[in-house]
>>> print(open('model-v2.cif').read())   # mmCIF, C-alpha atoms
data_query
#
loop_
_atom_site.label_atom_id
_atom_site.label_comp_id
_atom_site.auth_asym_id
_atom_site.auth_seq_id
_atom_site.Cartn_x
_atom_site.Cartn_y
_atom_site.Cartn_z
CA MET A 1 8.49 37.14 -14.35
CA THR A 2 5.28 38.01 -12.54
CA ARG A 3 1.99 36.37 -13.39
CA ASP A 4 0.65 39.69 -14.68
CA ALA A 5 3.65 40.07 -16.95
CA VAL A 6 3.13 36.56 -18.36
CA TYR A 7 -0.54 37.37 -19.02
CA GLY A 8 0.47 40.67 -20.60
CA VAL A 9 2.60 38.80 -23.14
CA LEU A 10 0.21 35.89 -23.80
CA ALA A 11 -3.10 37.74 -24.18
CA PRO A 12 -2.10 40.03 -27.07
CA TYR A 13 -0.37 37.14 -28.86
CA VAL A 14 -3.38 34.83 -28.64
CA ALA A 15 -5.82 37.59 -29.64
CA GLY A 16 -3.67 38.88 -32.49
CA THR A 17 -2.71 35.49 -33.86
CA PHE A 18 -5.83 33.38 -33.47
CA LEU A 19 -8.81 35.75 -33.55
CA GLY A 20 -10.29 36.79 -36.85
CA GLU A 21 -11.27 40.30 -37.83
CA GLY A 22 -14.35 41.47 -35.92
CA GLN A 23 -14.28 38.76 -33.23
CA GLU A 24 -14.90 39.96 -29.71
CA ALA A 25 -11.94 40.50 -27.39
CA LEU A 26 -10.66 37.69 -25.25
CA GLN A 27 -11.30 37.70 -21.54
CA PRO A 28 -9.13 35.85 -19.00
CA ASP A 29 -11.84 33.17 -18.75
CA THR A 30 -12.78 32.85 -22.45
CA PRO A 31 -13.06 29.10 -23.18
CA LEU A 32 -10.34 28.84 -25.83
CA LEU A 33 -10.77 25.12 -26.53
CA GLU A 34 -14.55 25.12 -26.41
CA TRP A 35 -14.79 28.04 -28.85
CA GLY A 36 -12.25 26.48 -31.21
CA ILE A 37 -9.70 29.27 -30.76
CA LEU A 38 -7.08 26.73 -29.75
CA ASN A 39 -6.83 23.60 -31.88
CA SER A 40 -3.83 21.33 -32.34
CA MET A 41 -2.09 23.62 -34.86
CA ASN A 42 -2.73 26.79 -32.84
CA THR A 43 -1.60 25.09 -29.65
CA ALA A 44 1.68 24.11 -31.34
CA LYS A 45 2.17 27.73 -32.44
CA LEU A 46 1.40 28.95 -28.92
CA LEU A 47 3.88 26.49 -27.40
CA THR A 48 6.58 27.74 -29.78
CA PHE A 49 5.76 31.33 -28.85
CA ILE A 50 5.93 30.50 -25.12
CA ARG A 51 9.32 28.81 -25.56
CA GLU A 52 10.83 31.53 -27.77
CA SER A 53 9.34 34.63 -26.13
CA LEU A 54 9.16 33.63 -22.49
CA GLY A 55 11.91 31.00 -22.31
CA VAL A 56 9.55 28.41 -20.84
CA ASP A 57 9.42 24.84 -22.10
CA VAL A 58 6.05 23.23 -21.45
CA PRO A 59 6.50 19.49 -20.83
CA VAL A 60 4.34 17.17 -22.93
CA THR A 61 2.67 15.95 -19.75
CA HIS A 62 1.35 19.48 -19.16
CA ILE A 63 -0.25 19.89 -22.59
CA THR A 64 -3.76 19.08 -21.43
CA GLY A 65 -7.20 20.59 -21.80
CA ALA A 66 -7.11 21.64 -18.16
CA HIS A 67 -3.98 23.74 -18.69
CA PHE A 68 -5.06 25.24 -22.02
CA ARG A 69 -8.73 25.90 -21.27
CA THR A 70 -8.45 29.71 -20.85
CA LEU A 71 -5.87 32.48 -20.86
CA ASP A 72 -5.90 32.31 -17.07
CA THR A 73 -5.06 28.59 -17.00
CA ILE A 74 -2.31 29.02 -19.62
CA THR A 75 -0.90 31.97 -17.67
CA ASP A 76 -0.91 29.97 -14.44
CA LEU A 77 0.87 27.07 -16.18
CA VAL A 78 3.56 29.23 -17.78
CA HIS A 79 4.10 31.21 -14.58
CA SER A 80 4.48 27.99 -12.58
CA LEU A 81 7.08 26.67 -15.05
CA ASP A 82 9.03 29.94 -15.36
CA PRO A 83 12.63 29.31 -14.36
CA ALA A 84 12.84 32.27 -12.00
CA PRO A 85 16.35 33.64 -11.62
CA ALA A 86 18.04 33.06 -8.30
CA THR A 87 18.69 35.98 -6.01
CA ALA A 88 22.12 36.64 -4.57
CA ASP A 89 21.13 34.76 -1.40
CA GLU A 90 19.46 31.79 -3.06
CA PRO A 91 20.97 29.14 -5.34
CA ALA A 92 19.32 28.59 -8.72
CA ALA A 93 16.84 25.73 -8.91
CA GLY A 94 18.69 22.42 -9.12
CA THR A 95 21.93 23.95 -7.84
CA PRO A 96 23.19 22.58 -4.55
CA ALA A 97 23.54 25.15 -1.81
CA THR A 98 27.07 25.98 -0.68
CA VAL A 99 27.89 25.39 2.96
CA ARG A 100 29.15 28.63 4.53
CA ASP A 101 31.27 28.91 7.63
#
>>> encode(input="model-v2.cif", output="structure tokens")
Amino acid sequence: MTRDAVYGVLAPYVAGTFLGEGQEALQPDTPLLEWGILNSMNTAKLLTFIRESLGVDVPVTHITGAHFRTLDTITDLVHSLDPAPATADEPAAGTPATVRD
């Protein structure tokens, strides 16, 4: 999944789930933690959404303020962890390559 596609899924979810009526729209660099948009409960909901909707498990070691500061940082994290499908010429991640004659 491209980075833009990941952002396109995350941004509407965060805005629709965590912003109240009449709050201004989120920007890619809106400080989600600083403004209280993401707290522990909302972060848990977001992690569940990421796992169920995007198929990406975020390791506990990656659940840090640096990774969840803005929509851009969350998008970068999810995109970097996305288990991209292998092409016909490339083995999937963690799969040993086959020796060809």
>>> closest_residue(input="model-v2.cif", among="A:Val6, A:Leu47, A:Val14, A:Met41", to="A:Ile63", atoms="all atoms listed in the file")
A:Leu47
>>> atom_distance(input="model-v2.cif", atom1="atom CA of A:Glu21", atom2="atom CA of A:Ile74")
23.2 Å
>>> atom_distance(input="model-v2.cif", atom1="atom CA of A:Ala25", atom2="atom CA of A:Ala44")
21.7 Å
>>> resolve_selection(input="model-v2.cif", expression="the PyMOL selection byres ((chain A and resi 79) around 10)", output="ChimeraX atom specification")
/A:1-7,54,56,73-78,80-84
>>> atom_distance(input="model-v2.cif", atom1="atom CA of A:Arg69", atom2="atom CA of A:Leu38")
8.7 Å
>>> resolve_selection(input="model-v2.cif", expression="the PyMOL selection byres ((chain A and resi 43) around 12)", output="ChimeraX atom specification")
/A:14,17-18,32-33,36-42,44-50,58,60,63-65,67-69,74
>>> closest_residue(input="model-v2.cif", among="A:Asp57, A:Thr30, A:Ala66, A:Glu52", to="A:Ala15", atoms="all atoms listed in the file")
A:Thr30
>>> axis_aligned_box(input="model-v2.cif", around="stretch 30-45 of chain A", padding_each_side="8 Å", output="lines of an AutoDock Vina configuration file")
center_x = -6.3
center_y = 27.1
center_z = -28.7
size_x = 33.0
size_y = 27.5
size_z = 28.4
